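Enquirer: So that you have it, the file is work-v4.txt, and it contains compact mmCIF, C-alpha atoms and all ligand atoms:
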# COMPACT_ATOMS: atom_id res chain seq x y z
CA MET A 27 100.06 51.50 54.22
CA ASP A 28 99.21 51.76 57.90
CA ARG A 29 101.17 48.64 58.81
CA LEU A 30 104.35 50.37 57.64
CA ASN A 31 103.59 53.78 59.16
CA PRO A 32 106.71 54.38 61.30
CA PHE A 33 104.79 56.22 64.01
CA LYS A 34 102.22 53.43 64.34
CA ILE A 35 105.16 51.03 64.60
CA ALA A 36 106.84 53.16 67.28
CA GLN A 37 103.56 53.25 69.23
CA GLU A 38 103.10 49.51 68.90
CA GLN A 39 106.61 48.88 70.23
CA LEU A 40 105.94 51.23 73.12
CA ASP A 41 102.60 49.59 73.92
CA ARG A 42 104.28 46.24 74.39
CA ALA A 43 106.84 47.72 76.79
CA ALA A 44 104.12 49.67 78.62
CA GLU A 45 102.21 46.47 79.21
CA LEU A 46 105.24 44.62 80.52
CA LEU A 47 106.09 47.55 82.81
CA GLY A 48 102.47 47.85 83.93
CA LEU A 49 102.37 51.59 83.17
CA ASP A 50 99.28 53.50 84.29
CA GLU A 51 97.14 55.12 81.61
CA ALA A 52 98.36 58.72 82.05
CA THR A 53 102.02 57.76 81.89
CA HIS A 54 101.40 55.58 78.88
CA SER A 55 99.48 58.27 77.02
CA ILE A 56 102.15 60.93 77.57
CA LEU A 57 104.70 58.52 76.10
CA ARG A 58 102.47 57.66 73.12
CA GLU A 59 102.35 61.20 71.64
CA PRO A 60 104.80 64.04 71.02
CA ARG A 61 104.58 66.71 73.71
CA MET A 62 104.97 69.45 71.11
CA GLU A 63 105.33 69.81 67.37
CA TYR A 64 105.87 72.60 64.87
CA HIS A 65 104.75 72.58 61.24
CA PHE A 66 105.74 75.44 58.99
CA THR A 67 106.50 76.57 55.46
CA ILE A 68 109.85 77.84 54.23
CA PRO A 69 109.84 80.06 51.14
CA VAL A 70 113.16 79.77 49.29
CA ARG A 71 114.44 81.76 46.33
CA MET A 72 115.82 79.13 43.94
CA ASP A 73 118.80 79.75 41.64
CA SER A 74 116.36 80.12 38.74
CA GLY A 75 114.81 83.17 40.42
CA GLU A 76 111.49 81.48 41.21
CA THR A 77 110.37 80.99 44.82
CA LYS A 78 109.63 77.48 46.04
CA VAL A 79 107.83 76.75 49.29
CA PHE A 80 109.13 73.82 51.36
CA LYS A 81 107.43 72.17 54.31
CA GLY A 82 109.35 71.85 57.57
CA PHE A 83 108.73 70.05 60.87
CA ARG A 84 110.22 69.87 64.33
CA VAL A 85 108.83 67.41 66.85
CA GLN A 86 109.76 67.71 70.53
CA TYR A 87 108.72 64.32 71.73
CA ASN A 88 109.65 64.25 75.40
CA ASN A 89 111.93 66.40 77.55
CA ALA A 90 111.52 64.82 80.99
CA ARG A 91 115.21 63.84 81.13
CA GLY A 92 116.57 67.05 79.58
CA PRO A 93 116.36 69.28 76.51
CA CYS A 94 115.13 67.58 73.33
CA LYS A 95 117.82 66.21 71.05
CA GLY A 96 117.76 64.72 67.59
CA GLY A 97 118.63 65.11 63.96
CA LEU A 98 117.16 66.83 60.93
CA ARG A 99 116.37 64.97 57.73
CA PHE A 100 116.12 66.49 54.29
CA HIS A 101 114.17 63.93 52.27
CA PRO A 102 111.64 64.06 49.42
CA GLU A 103 109.46 61.45 51.14
CA GLU A 104 109.62 62.92 54.63
CA THR A 105 106.29 62.76 56.49
CA ILE A 106 105.22 64.07 59.86
CA ASP A 107 104.64 60.51 61.06
CA THR A 108 108.21 59.55 60.17
CA VAL A 109 109.47 62.54 62.13
CA ARG A 110 107.24 61.64 65.09
CA ALA A 111 108.56 58.08 65.12
CA LEU A 112 112.13 59.24 64.87
CA ALA A 113 111.56 61.73 67.70
CA ALA A 114 110.11 58.98 69.90
CA TRP A 115 113.09 56.75 69.13
CA MET A 116 115.43 59.64 70.06
CA THR A 117 113.73 59.79 73.47
CA TRP A 118 114.43 56.11 74.07
CA LYS A 119 117.92 56.45 72.56
CA THR A 120 119.13 59.19 74.89
CA ALA A 121 117.63 57.26 77.81
CA VAL A 122 119.20 53.91 76.93
CA VAL A 123 122.71 55.43 76.83
CA ASP A 124 121.82 57.45 79.91
CA ILE A 125 122.65 60.95 78.74
CA PRO A 126 120.66 63.83 80.28
CA LEU A 127 118.62 64.70 77.19
CA GLY A 128 115.15 64.13 75.79
CA GLY A 129 114.12 63.29 72.24
CA GLY A 130 113.25 65.37 69.20
CA LYS A 131 113.52 65.23 65.44
CA GLY A 132 112.92 67.48 62.47
CA GLY A 133 112.92 67.55 58.77
CA ILE A 134 112.21 69.31 55.53
CA ILE A 135 110.44 67.75 52.57
CA CYS A 136 112.99 68.40 49.84
CA ASN A 137 115.38 66.56 47.56
CA PRO A 138 118.94 67.71 48.32
CA LYS A 139 120.23 65.64 45.38
CA GLU A 140 118.45 68.08 43.07
CA MET A 141 119.46 71.29 44.85
CA SER A 142 122.56 73.48 44.49
CA GLN A 143 124.72 74.34 47.50
CA SER A 144 123.32 77.86 47.61
CA GLU A 145 119.72 76.58 47.51
CA LEU A 146 120.55 74.17 50.33
CA GLU A 147 122.05 77.03 52.32
CA ARG A 148 118.91 79.15 51.88
CA VAL A 149 116.58 76.31 52.86
CA SER A 150 118.73 75.58 55.94
CA ARG A 151 118.75 79.21 57.05
CA GLY A 152 115.01 79.44 56.32
CA TYR A 153 114.40 76.47 58.62
CA ILE A 154 116.14 78.26 61.50
CA ARG A 155 114.26 81.50 60.84
CA GLN A 156 111.01 79.61 61.35
CA VAL A 157 111.85 77.39 64.28
CA GLY A 158 114.98 78.95 65.83
CA ARG A 159 113.05 80.54 68.69
CA PHE A 160 112.08 77.08 69.91
CA LEU A 161 115.67 75.78 69.80
CA GLY A 162 118.63 76.28 72.15
CA VAL A 163 120.85 74.33 74.56
CA THR A 164 118.19 74.50 77.24
CA LYS A 165 115.31 73.63 74.87
CA ASP A 166 116.10 71.53 71.84
CA VAL A 167 119.30 70.82 69.90
CA PRO A 168 119.26 69.48 66.30
CA ALA A 169 122.00 67.50 64.55
CA PRO A 170 122.61 65.77 61.21
CA ASP A 171 120.57 62.83 59.95
CA VAL A 172 119.72 61.46 56.50
CA TYR A 173 121.07 63.83 53.78
CA THR A 174 122.12 66.59 56.21
CA THR A 175 125.79 67.41 56.75
CA PRO A 176 128.23 69.31 59.00
CA GLN A 177 128.09 72.17 56.46
CA ILE A 178 124.31 72.40 56.90
CA MET A 179 124.80 72.46 60.69
CA ALA A 180 127.30 75.32 60.23
CA TRP A 181 124.81 77.43 58.23
CA MET A 182 122.10 76.73 60.78
CA MET A 183 124.28 77.68 63.73
CA ASP A 184 125.33 80.85 61.93
CA GLU A 185 121.72 81.84 61.22
CA TYR A 186 120.76 81.21 64.84
CA GLU A 187 123.66 83.32 66.12
CA ILE A 188 122.76 86.15 63.73
CA ILE A 189 119.18 86.13 65.04
CA MET A 190 120.31 86.00 68.69
CA GLY A 191 123.17 88.48 68.27
CA GLU A 192 125.52 86.28 70.30
CA LYS A 193 127.47 83.02 70.10
CA HIS A 194 125.60 79.77 70.68
CA PRO A 195 127.76 76.93 69.38
CA GLY A 196 125.80 74.37 71.42
CA VAL A 197 122.51 75.10 69.61
CA ILE A 198 123.32 72.39 67.09
CA THR A 199 125.73 69.44 67.00
CA GLY A 200 127.54 67.58 64.26
CA LYS A 201 129.24 70.85 63.30
CA PRO A 202 132.57 71.04 61.46
CA ILE A 203 135.50 70.79 63.92
CA GLN A 204 136.58 74.38 63.05
CA LEU A 205 133.25 75.69 64.36
CA GLY A 206 133.08 73.77 67.63
CA GLY A 207 132.36 70.28 66.35
CA SER A 208 133.72 67.39 68.40
CA GLN A 209 136.56 65.09 67.51
CA GLY A 210 135.07 61.71 66.70
CA ARG A 211 131.54 62.88 65.84
CA GLY A 212 131.89 61.95 62.16
CA ASP A 213 132.17 58.19 62.67
CA ALA A 214 130.41 58.03 66.04
CA THR A 215 127.18 56.33 64.90
CA ALA A 216 129.02 53.49 63.19
CA ARG A 217 131.70 53.24 65.88
CA GLY A 218 129.10 52.94 68.64
CA GLY A 219 127.40 50.16 66.66
CA ILE A 220 130.71 48.34 66.19
CA TYR A 221 131.30 48.43 69.97
CA THR A 222 127.92 46.75 70.49
CA VAL A 223 128.81 44.08 67.91
CA ARG A 224 132.05 43.46 69.80
CA GLU A 225 130.08 42.96 73.04
CA ALA A 226 127.48 40.77 71.32
CA CYS A 227 130.20 38.55 69.84
CA LYS A 228 131.77 38.09 73.28
CA LEU A 229 128.46 36.89 74.67
CA LEU A 230 127.61 34.71 71.70
CA GLY A 231 131.10 33.22 71.65
CA SER A 232 131.87 34.27 68.08
CA ASN A 233 134.96 35.98 66.71
CA PRO A 234 134.20 39.27 64.89
CA ALA A 235 137.67 39.27 63.32
CA LYS A 236 136.68 36.13 61.40
CA ALA A 237 133.15 37.34 60.61
CA THR A 238 131.68 38.03 57.20
CA TYR A 239 129.58 41.20 57.06
CA ALA A 240 127.23 43.01 54.68
CA ILE A 241 126.06 46.60 54.73
CA GLN A 242 122.71 47.83 53.40
CA GLY A 243 122.96 51.59 52.85
CA PHE A 244 126.23 53.36 52.14
CA GLY A 245 125.83 56.84 53.61
CA ASN A 246 127.65 58.15 56.68
CA ALA A 247 126.89 55.20 58.98
CA GLY A 248 127.35 52.50 56.34
CA GLN A 249 130.68 53.82 55.04
CA PHE A 250 132.22 54.13 58.48
CA ALA A 251 130.89 50.70 59.50
CA ALA A 252 132.66 49.23 56.47
CA THR A 253 136.08 50.34 57.67
CA LEU A 254 135.49 50.26 61.42
CA HIS A 255 134.28 46.66 61.58
CA HIS A 256 137.67 45.78 60.18
CA ASP A 257 139.78 48.30 62.11
CA VAL A 258 138.13 48.11 65.55
CA LEU A 259 137.30 44.42 65.59
CA GLY A 260 140.63 43.33 64.11
CA GLY A 261 139.43 41.88 60.80
CA GLY A 262 136.38 40.44 59.09
CA THR A 263 135.38 40.21 55.45
CA LEU A 264 133.04 42.75 53.86
CA VAL A 265 131.19 40.64 51.28
CA ALA A 266 128.39 42.94 50.12
CA VAL A 267 127.31 46.57 50.10
CA SER A 268 124.28 48.31 48.64
CA ASP A 269 122.90 51.82 48.29
CA SER A 270 119.70 53.27 46.85
CA ARG A 271 120.89 52.39 43.33
CA GLY A 272 121.66 48.70 44.01
CA GLY A 273 124.39 46.52 45.47
CA ILE A 274 127.55 44.55 44.83
CA TYR A 275 128.93 41.25 46.12
CA ASN A 276 132.26 39.48 46.35
CA LYS A 277 132.59 36.46 48.64
CA ASP A 278 136.37 37.00 48.89
CA GLY A 279 135.86 40.51 50.24
CA LEU A 280 135.57 44.10 49.09
CA ASN A 281 138.21 46.61 50.15
CA PRO A 282 136.24 49.18 52.20
CA HIS A 283 138.65 52.08 51.63
CA LYS A 284 138.71 51.62 47.86
CA LEU A 285 134.96 51.20 47.81
CA ILE A 286 134.40 54.48 49.71
CA ASP A 287 136.63 56.32 47.20
CA TRP A 288 134.60 54.76 44.38
CA LYS A 289 131.30 55.76 45.96
CA LEU A 290 132.44 59.35 46.52
CA LYS A 291 133.48 59.65 42.88
CA ASN A 292 130.62 57.76 41.26
CA LYS A 293 127.76 58.41 43.74
CA GLN A 294 126.97 54.68 43.77
CA VAL A 295 128.62 51.37 44.69
CA LYS A 296 127.57 49.66 41.47
CA GLY A 297 130.32 49.42 38.89
CA PHE A 298 133.06 48.95 41.54
CA PRO A 299 135.76 47.01 39.65
CA ASP A 300 136.46 44.41 42.40
CA ALA A 301 132.80 43.34 42.66
CA LYS A 302 132.08 39.79 41.47
CA LYS A 303 128.40 40.40 40.80
CA ASP A 304 125.57 42.88 41.24
CA ILE A 305 122.87 42.18 43.81
CA THR A 306 119.70 43.93 44.86
CA ASN A 307 119.05 45.45 48.28
CA GLU A 308 116.67 42.55 48.98
CA GLU A 309 119.26 39.93 48.09
CA LEU A 310 121.85 41.62 50.27
CA LEU A 311 119.60 41.41 53.32
CA GLU A 312 119.16 37.66 52.81
CA LEU A 313 122.88 36.77 52.53
CA PRO A 314 124.25 34.14 54.93
CA VAL A 315 126.63 36.54 56.74
CA ASP A 316 127.70 36.68 60.37
CA VAL A 317 126.81 40.36 60.77
CA LEU A 318 124.27 42.35 58.80
CA TYR A 319 124.27 46.14 59.11
CA PRO A 320 120.99 47.69 57.93
CA ALA A 321 122.21 51.28 57.59
CA ALA A 322 119.68 52.98 55.31
CA LEU A 323 116.03 53.74 56.04
CA GLU A 324 112.96 52.32 57.79
CA ASN A 325 111.01 49.14 57.05
CA VAL A 326 113.50 47.10 55.04
CA ILE A 327 113.04 43.93 57.12
CA THR A 328 109.34 43.09 57.06
CA LYS A 329 107.18 39.99 57.49
CA ASP A 330 107.79 39.26 53.80
CA ASN A 331 111.56 38.77 54.03
CA ALA A 332 112.27 38.26 57.76
CA GLY A 333 112.04 34.48 57.39
CA LYS A 334 114.81 34.61 54.81
CA ILE A 335 117.31 36.59 56.90
CA LYS A 336 120.28 34.31 57.55
CA ALA A 337 122.57 36.72 59.40
CA LYS A 338 123.55 35.71 62.94
CA ILE A 339 123.60 39.33 64.18
CA SER A 340 121.65 42.29 62.79
CA CYS A 341 123.19 45.54 64.01
CA GLU A 342 120.64 48.24 63.17
CA LEU A 343 122.56 51.39 62.30
CA ALA A 344 119.44 52.76 60.56
CA ASN A 345 116.43 53.93 62.52
CA GLY A 346 113.42 51.62 62.28
CA PRO A 347 114.67 49.05 59.74
CA THR A 348 112.63 46.18 61.21
CA THR A 349 108.84 46.02 61.56
CA PRO A 350 107.23 44.44 64.66
CA GLU A 351 105.97 41.47 62.60
CA ALA A 352 109.50 40.89 61.32
CA ASP A 353 110.87 41.16 64.85
CA LYS A 354 108.81 38.17 65.94
CA ILE A 355 110.13 36.08 63.05
CA LEU A 356 113.76 37.09 63.63
CA SER A 357 113.46 36.30 67.32
CA LYS A 358 111.91 32.88 66.59
CA ASN A 359 114.73 32.13 64.13
CA GLY A 360 117.44 33.10 66.61
CA VAL A 361 118.75 36.18 64.79
CA PHE A 362 120.42 38.33 67.46
CA VAL A 363 119.13 41.87 66.85
CA ILE A 364 120.98 44.85 68.29
CA PRO A 365 118.03 47.25 68.10
CA ASP A 366 118.32 50.61 66.39
CA PHE A 367 118.09 53.00 69.30
CA LEU A 368 120.83 51.06 71.08
CA ALA A 369 122.99 50.18 68.05
CA ASN A 370 123.04 53.68 66.56
CA ALA A 371 123.16 55.68 69.81
CA GLY A 372 126.85 56.51 69.31
CA GLY A 373 125.94 59.53 67.17
CA VAL A 374 123.85 61.27 69.76
CA THR A 375 126.28 60.27 72.51
CA VAL A 376 129.11 62.16 70.83
CA SER A 377 126.64 64.97 70.03
CA TYR A 378 126.12 65.23 73.76
CA PHE A 379 129.91 65.32 74.28
CA GLU A 380 130.02 68.07 71.65
CA GLN A 381 127.45 70.13 73.57
CA VAL A 382 129.35 69.66 76.83
CA GLN A 383 132.56 70.86 75.15
CA ASN A 384 130.74 73.85 73.63
CA THR A 385 129.37 74.82 77.03
CA TYR A 386 132.78 74.45 78.71
CA ASN A 387 134.49 76.07 75.72
CA PHE A 388 137.20 73.46 76.20
CA TYR A 389 137.84 70.66 73.73
CA TRP A 390 138.77 67.02 74.23
CA THR A 391 141.14 64.75 72.32
CA LEU A 392 139.90 62.09 69.92
CA GLU A 393 141.20 59.46 72.33
CA ASP A 394 139.11 60.87 75.20
CA VAL A 395 135.96 60.99 73.06
CA GLN A 396 136.36 57.43 71.82
CA HIS A 397 137.11 56.11 75.28
CA MET A 398 133.99 57.72 76.77
CA LEU A 399 131.87 56.60 73.82
CA ASP A 400 133.04 53.03 74.34
CA GLN A 401 132.09 53.20 78.03
CA LYS A 402 128.62 54.57 77.28
CA MET A 403 127.88 52.02 74.55
CA THR A 404 129.26 49.07 76.49
CA ASN A 405 127.26 49.97 79.61
CA ALA A 406 124.09 50.46 77.58
CA PHE A 407 124.57 47.16 75.77
CA LYS A 408 125.12 45.34 79.06
CA ALA A 409 122.04 46.88 80.70
CA VAL A 410 119.89 45.81 77.73
CA TYR A 411 121.42 42.35 77.52
CA GLU A 412 120.80 41.76 81.24
CA MET A 413 117.18 42.81 80.83
CA HIS A 414 116.87 40.50 77.81
CA LYS A 415 118.06 37.57 79.92
CA GLU A 416 116.20 38.51 83.09
CA LYS A 417 112.79 39.05 81.48
CA ASN A 418 113.25 36.58 78.63
CA VAL A 419 112.23 39.15 76.00
CA ASP A 420 113.89 40.01 72.70
CA MET A 421 116.65 42.63 72.66
CA ARG A 422 114.38 45.39 71.28
CA THR A 423 111.80 44.90 74.00
CA ALA A 424 114.60 44.77 76.57
CA ALA A 425 115.97 48.10 75.27
CA TYR A 426 112.47 49.57 75.57
CA LEU A 427 112.13 48.33 79.14
CA VAL A 428 115.45 49.92 80.17
CA ALA A 429 114.78 53.22 78.36
CA ILE A 430 111.11 53.69 79.21
CA GLN A 431 111.72 53.03 82.89
CA ARG A 432 114.30 55.85 82.94
CA VAL A 433 111.95 58.30 81.19
CA VAL A 434 109.09 57.30 83.48
CA ASP A 435 111.26 57.80 86.59
CA ALA A 436 112.05 61.35 85.41
CA MET A 437 108.37 62.11 84.70
CA LYS A 438 107.37 60.83 88.14
CA LEU A 439 110.07 62.82 89.94
CA ARG A 440 108.89 65.94 88.10
CA GLY A 441 105.37 65.24 89.30
CA TRP A 442 103.91 64.92 85.77
CA VAL A 443 102.29 61.61 86.62
N1 LIG B 501 120.46 61.72 63.76
C1 LIG B 501 121.20 60.92 64.68
C2 LIG B 501 120.32 59.87 65.32
O1 LIG B 501 119.32 59.45 64.78
C3 LIG B 501 121.97 61.78 65.68
C4 LIG B 501 121.14 62.67 66.53
C5 LIG B 501 121.95 63.66 67.34
O2 LIG B 501 123.17 63.61 67.28
O3 LIG B 501 121.33 64.46 68.03
O4 LIG B 501 120.62 59.36 66.35
Show how you would write the structure in this file as structure tokens.
Expert:
Amino acid sequence: MDRLNPFKIAQEQLDRAAELLGLDEATHSILREPRMEYHFTIPVRMDSGETKVFKGFRVQYNNARGPCKGGLRFHPEETIDTVRALAAWMTWKTAVVDIPLGGGKGGIICNPKEMSQSELERVSRGYIRQVGRFLGVTKDVPAPDVYTTPQIMAWMMDEYEIIMGEKHPGVITGKPIQLGGSQGRGDATARGGIYTVREACKLLGSNPAKATYAIQGFGNAGQFAATLHHDVLGGGTLVAVSDSRGGIYNKDGLNPHKLIDWKLKNKQVKGFPDAKKDITNEELLELPVDVLYPAALENVITKDNAGKIKAKISCELANGPTTPEADKILSKNGVFVIPDFLANAGGVTVSYFEQVQNTYNFYWTLEDVQHMLDQKMTNAFKAVYEMHKEKNVDMRTAAYLVAIQRVVDAMKLRGWV
């Protein structure tokens, strides 16, 4: 359905910001399309002995502010338009937190849940053999995203270094610590989001330590948000969690640590002994909680359910969870949205710190990383909030205005437009 095509949505969001900023046609059209994209096939010998051919993509959306940066997704329903949208959002994300990088994204159409470790390793190395020559610290640096892990980053870095015949730890981020990964990268996406919730609560006059919260999606971002809301904000009650197999609810609270152990063992949250009842993903989104964390995939809050969202704050740890039609409804109903490319920018911020450490070949403490992440997220939140007040636009549009202006300034200074 065109209305739910993530790239069309990304373009529509951009168009609104372009109009408010009064962008000229050339500037607007550069920002509307990826500057470069690669499509390729990856033949992989499966454990059975047969060869399967996977489709891979890398989109380099815009590099006016620096080398492209963004994750890689391994997903059975990956499409080029999803990758394009995600690459556009990476461009705005690196700009809103003001790190000197552009935006990119990549992916492989595959189902990692059905693949062995050795098949995953071969598909990961195959990806780098196809696209490695277009990657590098000065060109484009991938990282983890949905269903990709530090182990996958390690194989990819290794393949790249074998091809180049020299060490290039900064070619990819989100690596294991032993191979040049950064302290604090693992929980950075969720942690950054929690810092923005803290700032939002200050401005809205609410106490996050007394808040109820629900999490839709229980992968990397969702799991860390479950514990960090509690640990960083000094309390709060986790009342509901869901994953792709369904959700659970307990109004008296679910213990996040126990629930993570359960999920790791059982691959789902359902069946967790302390749950009072099962709920669907849809029901979870409509719970009357103080903070909702959409932390799964795109298009979960649409015009069909936006009117039923009762959360006071929606902190978008996922990319693209809310459609433009839903945005209008949420804004009218006074739901305070911390938009995706602001809320989840902590991941790429610590990826940037990782690259800096790789280049220096000198590594920082966890305390240093978290302190600098807090500064970046807090400054970005404040810049967006000020724009929201000054221009009387919703938080997403405000984030676009801040980010696009920075990208446009860089394009102008380079003489592109
Ligand atoms: N995949 C993450 C994101 O969407 C992180 C990207 C990165 O670290 O480069 O922001």
Enquirer: Neighbours of Val428 (chain A) within 9 Å (only C-alpha atoms; same-chain residues fewer than 5 positions away dropped), as a tab-separated table (two decimals) with C-alpha atoms, in the frame of the given file?
Expert:
chain	number	residue	atom	x	y	z
A	118	TRP	CA	114.43	56.11	74.07
A	121	ALA	CA	117.63	57.26	77.81
A	122	VAL	CA	119.20	53.91	76.93
A	409	ALA	CA	122.04	46.88	80.70
A	410	VAL	CA	119.89	45.81	77.73
A	413	MET	CA	117.18	42.81	80.83
A	423	THR	CA	111.80	44.90	74.00
Enquirer: Could you pull the residues within 7 Å of Gly248 (chain A), counting all atoms listed in the file, minus those fewer than 5 positions along the same chain, as a list in words?
Expert: Ile241, Gly243 and Ala321 of chain A
Enquirer: Using only C-alpha atoms, find the one residue out of A:Asp269, A:Glu51, A:Asp257, A:Glu393 that sits nearest to Asp304 (chain A).
Expert: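 Answer, going by the shortest atom-to-atom distance: A:Asp269.
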Enquirer: For ligand LIG 501 (chain B), which residue out of A:Gln242, A:Thr117, A:Asn307, A:Thr348 is the nearest one, using only C-alpha atoms and all ligand atoms?
Expert: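 Selected residue with least distance to ligand LIG 501 (chain B): A:Thr117.
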Enquirer: Which chains and residue numbers are within 7 Å of ligand LIG 501 (chain B), counting only C-alpha atoms and all ligand atoms, if I want them as a PyMOL selection string?
Expert: chain A and resi 95-98+116+167-171+199-200+345+370-371+373-375+377
Enquirer: Set the distance at 7 Å and use only C-alpha atoms: which residues neighbour region 150-155 of chain A once local chain neighbours fewer than 6 positions away are removed? I'd like the list as a list in words.
Expert: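 In the requested format, the answer is Ile68, Gly82, Ile178, Trp181, Met182, Glu185 and Tyr186 of chain A.
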Enquirer: Fewer than 3 positions away in the same chain doesn't count, so skip those; otherwise give me all residues within 10 Å of Glu308 (chain A), counting all atoms listed in the file, as a list in words.
Expert: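 The residues that qualify are Gln242, Ser268, Gly272, Gly273, Ile305, Leu311, Glu312, Leu313, Val326, Ile327, Asn331 and Ile335 of chain A.
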Enquirer: Store the residues picked out above in a file with C-alpha atoms, as a PDB file, keeping the file's coordinate frame.
Expert:
ATOM      1  CA  GLN A 242     122.710  47.830  53.400  1.00  0.00           C
ATOM      2  CA  SER A 268     124.280  48.310  48.640  1.00  0.00           C
ATOM      3  CA  GLY A 272     121.660  48.700  44.010  1.00  0.00           C
ATOM      4  CA  GLY A 273     124.390  46.520  45.470  1.00  0.00           C
ATOM      5  CA  ILE A 305     122.870  42.180  43.810  1.00  0.00           C
ATOM      6  CA  LEU A 311     119.600  41.410  53.320  1.00  0.00           C
ATOM      7  CA  GLU A 312     119.160  37.660  52.810  1.00  0.00           C
ATOM      8  CA  LEU A 313     122.880  36.770  52.530  1.00  0.00           C
ATOM      9  CA  VAL A 326     113.500  47.100  55.040  1.00  0.00           C
ATOM     10  CA  ILE A 327     113.040  43.930  57.120  1.00  0.00           C
ATOM     11  CA  ASN A 331     111.560  38.770  54.030  1.00  0.00           C
ATOM     12  CA  ILE A 335     117.310  36.590  56.900  1.00  0.00           C
TER      13      ILE A 335
END
Enquirer: Could you check which of A:Ala226, A:Cys94, A:Val85, A:Ala235 is closest to Ile106 (chain A), using all atoms listed in the file?
Expert: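 Result for the nearest residue to Ile106 (chain A): A:Val85.
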Enquirer: For each of A:Tyr64, A:Arg211, A:Ile198, A:Ser55, take the minimum atom-to-atom distance to Trp390 (chain A), counting all atoms listed in the file, then give the residue where this is smallest.
Expert: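 That would be A:Arg211, the residue with the smallest distance to Trp390 (chain A).
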Enquirer: Measuring between all atoms listed in the file, which one of A:Asp420, A:Ala43, A:Gln177, A:Ser142 shows the shortest distance to Ile203 (chain A)?
Expert: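 Checking each candidate against Ile203 (chain A), we get A:Gln177 as the closest.
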Enquirer: To one decimal place in Å, what is the distance between CA of Thr164 (chain A) and CA of Leu427 (chain A)?
Expert: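 The value is 26.9 Å.
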Enquirer: So, counting only C-alpha atoms, which residue among A:Arg61, A:Arg110, A:Arg91, A:Lys284 is closest to Ala36 (chain A)?
Expert: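 Using only C-alpha atoms, the shortest distance to Ala36 (chain A) belongs to A:Arg110.
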Enquirer: Contacts of Thr385 (chain A) at 7 Å or less, counting all atoms listed in the file, minus same-chain residues fewer than 3 places along, as a list in words?
Expert: Gly196, Gln381 and Val382 of chain A
